[in-house]
Each structure stands twice: as C-alpha cells, then as structure tokens.
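Structure, as structure tokens:
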Amino acid sequence: MFENFKEYTEKFKDLSKVNSGKALCWYDFPSAILKRELQIMIAKNFKFNSILDAYAGIGYSSLIYSECSKNIICIERNKKYYNLLKINTHNRFTYYNYDNIKVFKYFIQKGVKFDFIDIDPFGNCYKQIKFLDRLVNDNFLISITTGEIFTIRRNLTKNTIIESMYPDIDISKYKGLNLIGFLNLFIEKLRELIKIDFKVYYYFISQQIIRILYR
Ligand SMILES: C[S@@+](CC[C@H](N)C(=O)[O-])C[C@H]1O[C@@H](n2cnc3c(N)ncnc32)[C@H](O)[C@@H]1O
C-alpha cells in the first residue's frame with residue numbers, strides 16, 4: 001500500500017530544504033499521503049496541454065505533474081519558496097512570484113486557459129475559486145484542497161473561535177456535522193462560487209483536509 005508515495009519520497013529526498021532542514025509540505029500523515037497518491041494517479045493516467053499549479057510551494061506537485069504535461073505554470077508568492085521552487089524544478093517550467101489572484105487576473109485578461117488546475121493552499125481558497133471558471137478550457141479538470149475543516153473542527157471541539165483566520169465563516173453551520181456533512185457544505189459553496197457546471201469525480205476527507213477532483 002502507498003508504494004507510489006514511498007517511491008516519490010525517495011525520489012524527492014534531496015530537494016532543497018527550508019525550515020531548519022525539514023522538508024516543506026512533504027508529509028506522511030494519512031491525508032497528506034492520499035493527496036500525493038492522487039497527484040501521482042493523475043500524472044500517470046492523464047495528458048494535459050497545460051497545467052496551472054496555483055500554490056506551487058517548493059515544487060513537489062509541479063514535479064509530479066511534469067510527467068503528464070510539457071507546459072507547467074507555477075505560482076508561488078513567498079520569495080524563499082519561489083527560489084527553491086526554481087532550483088528544484090531546474091528552471092524547466094514557467095514561474096510567477098506573485099499572489100495568485102494577481103496572476104489569475106492577468107491570465108483572464110490575456111485569455112490564457114488551462115486543462116488542469118491544482119489548488120493546494122494552507123487553509124481555504126474561496127477568493128481564488130471565484131476565478132477558476134474563467135481559467136479553464138472546456139474539457140477541464142480541477143483538484144482542490146481546503147484546510148479550513150481543521151480550524152473549524154478545532155473551534156467546535158474547543159469552543160474557542162479563531163475568528164481572525166476565517167472571519168466570513170459561520171461556524172455554527174458546522175455544529176453536529178460529520179465529515180461527509182463538511183464535504184457537502186464545501187461542495188455547495190463551490191457551486192455557489194463557480195459559474196460552470198461540474199461533477200465531483202473523487203474526494204477524500206480527513207480531520208485536517210478535504211480534497212476533491214472535479215470537472
Ligand atoms: C500547501 S503549500 C503548497 C504545497 C505544494 N503544492 C506542494 O506540492 O508541495 C501552499 C503554498 O502556497 C503559497 N501561497 C499561499 N497563498 C498564496 C497566494 N495567494 N498566492 C500564491 N502563493 C500562495 C504558500 O507560500 C505555500 O508555499
């Protein structure tokens with residue numbers, strides 16, 4: 001089980017490190033492993049003309065996806081991670097060191113569209129989701145993660161609302177919901193924000209993150 005994850009952990013073990021020598025964003029807790037397994041499954045089973053990695057970090061996702069596309073566009077706003085991203089991916093891709101919304105607006109203005117978009121933030125990404133319908137071709141695939149479930153569940157169990165992180169979320173809506181209830185609310189919110197029809201193809205959900213694949 002998780003043979004792909006093991007193989008890629010070995011493959012990426014020498015990538016540049018930050019955070020006092022610890023690898024950033026290559027984790028081995030169950031939902032993180034599932035995220036990587038899903039990415040590898042996509043890389044091995046699809047072919048795309050162009051991919052947008054909108055939260056590129058230090059490059060793991062882009063490296064995995066480079067197996068299924070020759071045209072990878074990476075956005076990373078943090079300068080330190082951006083520099084590592086370019087080193088790790090050998091300057092083979094196209095890079096933007098800006099907030100992704102700024103780059104989305106630029107692409108929309110230029111009419112640039114993608115076959116596949118990966119949205120992999122820390123926390124949530126509702127502001128970004130609103131732009132996605134204008135950034136995809138007809139035959140699109142989008143993979144999206146939200147980490148807000150972690151904060152919301154912590155707030156619900158500890159009764160201490162960390163409001164500053166998600167001021168626009170009504171935490172009370174989530175009271176008494178199981179994980180599938182969280183997933184349904186997330187998908188409902190996606191349907192409100194994305195102006196094109198889509199079907200959910202795959203999802204996984206844990207105490208920390210929800211990741212869904214849709215087109
Ligand atoms: C969860 S990590 C991404 C991990 C990466 N996809 C991987 O495969 O390892 C999120 C990254 O997005 C960057 N980020 C967060 N908000 C952003 C924004 N609005 N625009 C661009 N980059 C952003 C962070 O600096 C961080 O490196």
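Residue numbering restarts at 1 in every chain; chains get A, B, ... in the order shown in the structure tokens, and ligands count up from 1 in that same order.
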
Check: So which residues are near ligand 1, meaning at most 10 Å away with only C-alpha atoms and all ligand atoms counted, given back as a PyMOL selection string?
Finding: chain A and resi 23-27+35-36+39+53-65+74-82+85+96-104+118-125+127-128+145-147

Just to be explicit: take each residue in the selection above, keep C-alpha atoms, and write the result as a PDB file, in the first residue's frame.
```
ATOM      1  CA  ALA A  23      11.239  19.368   4.042  1.00  0.00           C
ATOM      2  CA  LEU A  24       8.328  21.748   3.472  1.00  0.00           C
ATOM      3  CA  CYS A  25       4.985  20.175   2.581  1.00  0.00           C
ATOM      4  CA  TRP A  26       6.066  16.567   2.057  1.00  0.00           C
ATOM      5  CA  TYR A  27       4.289  14.967   4.988  1.00  0.00           C
ATOM      6  CA  LYS A  35      -3.023  13.838  -1.614  1.00  0.00           C
ATOM      7  CA  ARG A  36       0.273  12.665  -3.113  1.00  0.00           C
ATOM      8  CA  GLN A  39      -1.469  13.566  -7.727  1.00  0.00           C
ATOM      9  CA  ASP A  53      -0.052  24.877 -10.145  1.00  0.00           C
ATOM     10  CA  ALA A  54      -1.504  27.886  -8.315  1.00  0.00           C
ATOM     11  CA  TYR A  55       0.137  27.194  -4.918  1.00  0.00           C
ATOM     12  CA  ALA A  56       3.418  25.714  -6.050  1.00  0.00           C
ATOM     13  CA  GLY A  57       5.389  25.762  -2.773  1.00  0.00           C
ATOM     14  CA  ILE A  58       8.860  24.336  -3.387  1.00  0.00           C
ATOM     15  CA  GLY A  59       7.708  22.283  -6.356  1.00  0.00           C
ATOM     16  CA  TYR A  60       6.621  18.754  -5.424  1.00  0.00           C
ATOM     17  CA  SER A  61       3.243  18.925  -7.207  1.00  0.00           C
ATOM     18  CA  SER A  62       4.725  20.504 -10.324  1.00  0.00           C
ATOM     19  CA  LEU A  63       7.422  17.862 -10.497  1.00  0.00           C
ATOM     20  CA  ILE A  64       4.839  15.094 -10.237  1.00  0.00           C
ATOM     21  CA  TYR A  65       2.600  16.729 -12.867  1.00  0.00           C
ATOM     22  CA  CYS A  74       3.800  27.665 -11.224  1.00  0.00           C
ATOM     23  CA  ILE A  75       2.667  30.474  -8.926  1.00  0.00           C
ATOM     24  CA  GLU A  76       4.315  30.954  -5.535  1.00  0.00           C
ATOM     25  CA  ARG A  77       4.159  34.256  -3.659  1.00  0.00           C
ATOM     26  CA  ASN A  78       6.774  33.544  -0.977  1.00  0.00           C
ATOM     27  CA  LYS A  79      10.200  34.607  -2.295  1.00  0.00           C
ATOM     28  CA  LYS A  80      12.141  31.999  -0.298  1.00  0.00           C
ATOM     29  CA  TYR A  81       9.943  29.127  -1.530  1.00  0.00           C
ATOM     30  CA  TYR A  82       9.890  30.606  -5.035  1.00  0.00           C
ATOM     31  CA  LEU A  85      10.938  26.009  -6.462  1.00  0.00           C
ATOM     32  CA  TYR A  96       5.320  33.763 -11.208  1.00  0.00           C
ATOM     33  CA  ASN A  97       6.420  35.163  -7.864  1.00  0.00           C
ATOM     34  CA  TYR A  98       3.146  36.985  -7.101  1.00  0.00           C
ATOM     35  CA  ASP A  99      -0.102  36.495  -5.252  1.00  0.00           C
ATOM     36  CA  ASN A 100      -2.063  34.043  -7.401  1.00  0.00           C
ATOM     37  CA  ILE A 101      -5.096  36.333  -7.751  1.00  0.00           C
ATOM     38  CA  LYS A 102      -2.939  38.932  -9.470  1.00  0.00           C
ATOM     39  CA  VAL A 103      -1.699  36.263 -11.919  1.00  0.00           C
ATOM     40  CA  PHE A 104      -5.248  34.893 -12.448  1.00  0.00           C
ATOM     41  CA  ASP A 118      -4.256  22.370  -8.868  1.00  0.00           C
ATOM     42  CA  ILE A 119      -5.317  24.448  -5.863  1.00  0.00           C
ATOM     43  CA  ASP A 120      -3.352  23.438  -2.789  1.00  0.00           C
ATOM     44  CA  PRO A 121      -3.358  26.173  -0.141  1.00  0.00           C
ATOM     45  CA  PHE A 122      -2.795  26.132   3.572  1.00  0.00           C
ATOM     46  CA  GLY A 123      -6.290  26.951   4.872  1.00  0.00           C
ATOM     47  CA  ASN A 124      -9.055  27.941   2.465  1.00  0.00           C
ATOM     48  CA  CYS A 125      -9.141  29.492  -1.001  1.00  0.00           C
ATOM     49  CA  LYS A 127     -11.281  34.148  -3.088  1.00  0.00           C
ATOM     50  CA  GLN A 128      -9.324  32.155  -5.660  1.00  0.00           C
ATOM     51  CA  THR A 145      -7.863  21.257  -1.234  1.00  0.00           C
ATOM     52  CA  THR A 146      -9.291  23.108   1.691  1.00  0.00           C
ATOM     53  CA  GLY A 147      -7.724  23.015   5.128  1.00  0.00           C
TER      54      GLY A 147
END
```

Note to self: Taking the DSSP secondary structure from the backbone, can you list the residues of chain A that are helix (DSSP H, G or I), as a VMD selection string?
What the structure shows: chain A and resid 3 to 11 30 to 45 60 to 65 79 to 88 100 to 110 126 to 129 132 to 134 148 to 158 171 to 174 179 to 193

Notebook entry, point to check: Could you write out, as an MDAnalysis selection string, all the residues of chain A that DSSP marks as strand (DSSP E or B)?
Noted result: chainID A and resid 18 22 51:53 72:75 94:96 114:119 136:146 200:205 210:214

Taking N, CA and C atoms for each residue, export the selection above as a compact mmCIF listing (two decimals), in the first residue's frame.
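For reference, again_36.txt as written:
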```txt
# COMPACT_ATOMS: atom_id res chain seq x y z
N VAL A 18 13.95 23.86 3.55
CA VAL A 18 13.83 25.11 4.31
C VAL A 18 13.39 24.72 5.71
N LYS A 22 14.11 20.87 7.57
CA LYS A 22 12.98 19.95 7.36
C LYS A 22 12.33 20.23 6.01
N ILE A 51 -0.89 22.98 -17.47
CA ILE A 51 -1.30 22.81 -16.06
C ILE A 51 -0.94 24.07 -15.28
N LEU A 52 -1.86 24.52 -14.44
CA LEU A 52 -1.57 25.64 -13.55
C LEU A 52 -1.47 25.11 -12.12
N ASP A 53 -0.27 25.24 -11.55
CA ASP A 53 -0.05 24.88 -10.14
C ASP A 53 -0.09 26.20 -9.37
N ILE A 72 4.02 23.52 -17.68
CA ILE A 72 3.61 23.69 -16.28
C ILE A 72 3.83 25.15 -15.87
N ILE A 73 2.78 25.76 -15.34
CA ILE A 73 2.89 27.15 -14.88
C ILE A 73 2.76 27.15 -13.36
N CYS A 74 3.77 27.70 -12.69
CA CYS A 74 3.80 27.67 -11.22
C CYS A 74 3.63 29.07 -10.66
N ILE A 75 2.78 29.20 -9.65
CA ILE A 75 2.67 30.47 -8.93
C ILE A 75 3.04 30.23 -7.46
N THR A 94 7.32 27.53 -16.12
CA THR A 94 7.13 28.98 -16.15
C THR A 94 6.72 29.41 -14.75
N TYR A 95 7.31 30.51 -14.24
CA TYR A 95 7.13 30.84 -12.82
C TYR A 95 6.62 32.27 -12.63
N TYR A 96 5.80 32.43 -11.61
CA TYR A 96 5.32 33.76 -11.21
C TYR A 96 5.46 33.90 -9.71
N PHE A 114 -6.34 26.83 -19.06
CA PHE A 114 -5.62 25.61 -18.70
C PHE A 114 -6.53 24.39 -18.76
N ASP A 115 -5.90 23.21 -18.93
CA ASP A 115 -6.67 21.96 -18.91
C ASP A 115 -6.84 21.46 -17.49
N PHE A 116 -5.82 21.74 -16.68
CA PHE A 116 -5.84 21.23 -15.32
C PHE A 116 -5.30 22.29 -14.37
N ILE A 117 -6.03 22.52 -13.26
CA ILE A 117 -5.56 23.47 -12.24
C ILE A 117 -5.50 22.75 -10.90
N ASP A 118 -4.39 22.93 -10.21
CA ASP A 118 -4.26 22.37 -8.87
C ASP A 118 -4.26 23.52 -7.86
N ILE A 119 -5.17 23.41 -6.89
CA ILE A 119 -5.32 24.45 -5.86
C ILE A 119 -4.99 23.79 -4.53
N VAL A 136 -10.30 27.93 -17.19
CA VAL A 136 -10.22 26.55 -17.69
C VAL A 136 -10.79 26.42 -19.10
N ASN A 137 -10.21 25.46 -19.84
CA ASN A 137 -10.76 25.06 -21.14
C ASN A 137 -12.02 24.25 -20.93
N ASP A 138 -12.71 23.92 -22.03
CA ASP A 138 -13.98 23.18 -21.90
C ASP A 138 -13.80 21.85 -21.19
N ASN A 139 -12.72 21.16 -21.56
CA ASN A 139 -12.51 19.82 -21.02
C ASN A 139 -11.57 19.86 -19.82
N PHE A 140 -12.02 20.48 -18.76
CA PHE A 140 -11.09 20.79 -17.67
C PHE A 140 -11.11 19.74 -16.55
N LEU A 141 -10.06 19.80 -15.76
CA LEU A 141 -10.01 19.05 -14.51
C LEU A 141 -9.45 20.00 -13.45
N ILE A 142 -10.07 20.00 -12.28
CA ILE A 142 -9.57 20.84 -11.18
C ILE A 142 -9.43 19.97 -9.94
N SER A 143 -8.32 20.14 -9.26
CA SER A 143 -8.12 19.44 -8.00
C SER A 143 -7.98 20.50 -6.93
N ILE A 144 -8.74 20.38 -5.87
CA ILE A 144 -8.77 21.47 -4.90
C ILE A 144 -8.76 20.95 -3.47
N THR A 145 -7.97 21.62 -2.65
CA THR A 145 -7.86 21.26 -1.23
C THR A 145 -8.38 22.40 -0.39
N THR A 146 -9.04 22.07 0.70
CA THR A 146 -9.29 23.11 1.69
C THR A 146 -8.87 22.58 3.05
N VAL A 200 -18.28 15.98 -9.30
CA VAL A 200 -17.18 15.56 -8.44
C VAL A 200 -16.81 14.13 -8.83
N TYR A 201 -15.53 13.93 -9.14
CA TYR A 201 -15.06 12.62 -9.59
C TYR A 201 -14.47 11.81 -8.46
N TYR A 202 -13.90 12.50 -7.51
CA TYR A 202 -13.15 11.81 -6.47
C TYR A 202 -13.03 12.77 -5.30
N TYR A 203 -13.04 12.26 -4.09
CA TYR A 203 -12.75 13.11 -2.94
C TYR A 203 -12.13 12.28 -1.85
N PHE A 204 -11.42 12.94 -0.96
CA PHE A 204 -11.16 12.32 0.32
C PHE A 204 -11.27 13.40 1.37
N ILE A 205 -11.55 12.95 2.57
CA ILE A 205 -11.80 13.91 3.64
C ILE A 205 -11.21 13.35 4.92
N ILE A 210 -9.92 18.54 3.15
CA ILE A 210 -10.81 17.95 2.15
C ILE A 210 -10.10 18.15 0.82
N ARG A 211 -10.05 17.12 0.00
CA ARG A 211 -9.52 17.32 -1.36
C ARG A 211 -10.51 16.72 -2.33
N ILE A 212 -10.88 17.48 -3.35
CA ILE A 212 -11.80 16.93 -4.34
C ILE A 212 -11.27 17.17 -5.75
N LEU A 213 -11.70 16.28 -6.61
CA LEU A 213 -11.31 16.34 -8.01
C LEU A 213 -12.59 16.49 -8.79
N TYR A 214 -12.70 17.50 -9.64
CA TYR A 214 -13.95 17.67 -10.37
C TYR A 214 -13.71 18.20 -11.78
```

Next item on the list: Name all residues at most 12 Å from Glu7 (chain A) (count only C-alpha atoms; drop same-chain ones fewer than 5 positions away) and give them as a count of residues only.
Entry: 9

Item checked: CA of Met41 (chain A) to CA of Arg215 (chain A), distance in Å rounded to a single decimal ->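 So the two atoms, CA of Met41 (chain A) and CA of Arg215 (chain A), lie 16.0 Å apart.
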
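With distances restricted to only C-alpha atoms, A:Leu179 is the closest residue to Phe150 (chain A) from A:Leu179, A:Leu132, A:Leu15, A:Leu193.
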
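With only C-alpha atoms taken into account, the protein and nucleic acid residues at most 7 Å from Leu135 (chain A) (excluding it and anything under 5 positions from it in its own chain) are Ile108, Val112, Lys113 and Phe114 of chain A.
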
How would the residues just chosen look if you wrote them out with N, CA and C atoms as an mmCIF file, in the first residue's frame?
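Final output, again_9.cif:
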```cif
data_model
loop_
_atom_site.group_PDB
_atom_site.id
_atom_site.type_symbol
_atom_site.label_atom_id
_atom_site.label_comp_id
_atom_site.auth_asym_id
_atom_site.auth_seq_id
_atom_site.Cartn_x
_atom_site.Cartn_y
_atom_site.Cartn_z
ATOM 1 N N ILE A 108 -6.655 35.977 -17.246
ATOM 2 C CA ILE A 108 -8.026 36.191 -17.746
ATOM 3 C C ILE A 108 -8.023 37.313 -18.778
ATOM 4 N N VAL A 112 -5.700 33.439 -21.377
ATOM 5 C CA VAL A 112 -4.938 32.191 -21.184
ATOM 6 C C VAL A 112 -5.779 31.207 -20.375
ATOM 7 N N LYS A 113 -5.873 29.952 -20.864
ATOM 8 C CA LYS A 113 -6.680 28.936 -20.169
ATOM 9 C C LYS A 113 -5.886 27.643 -19.989
ATOM 10 N N PHE A 114 -6.343 26.827 -19.058
ATOM 11 C CA PHE A 114 -5.617 25.607 -18.695
ATOM 12 C C PHE A 114 -6.534 24.393 -18.757
#
```
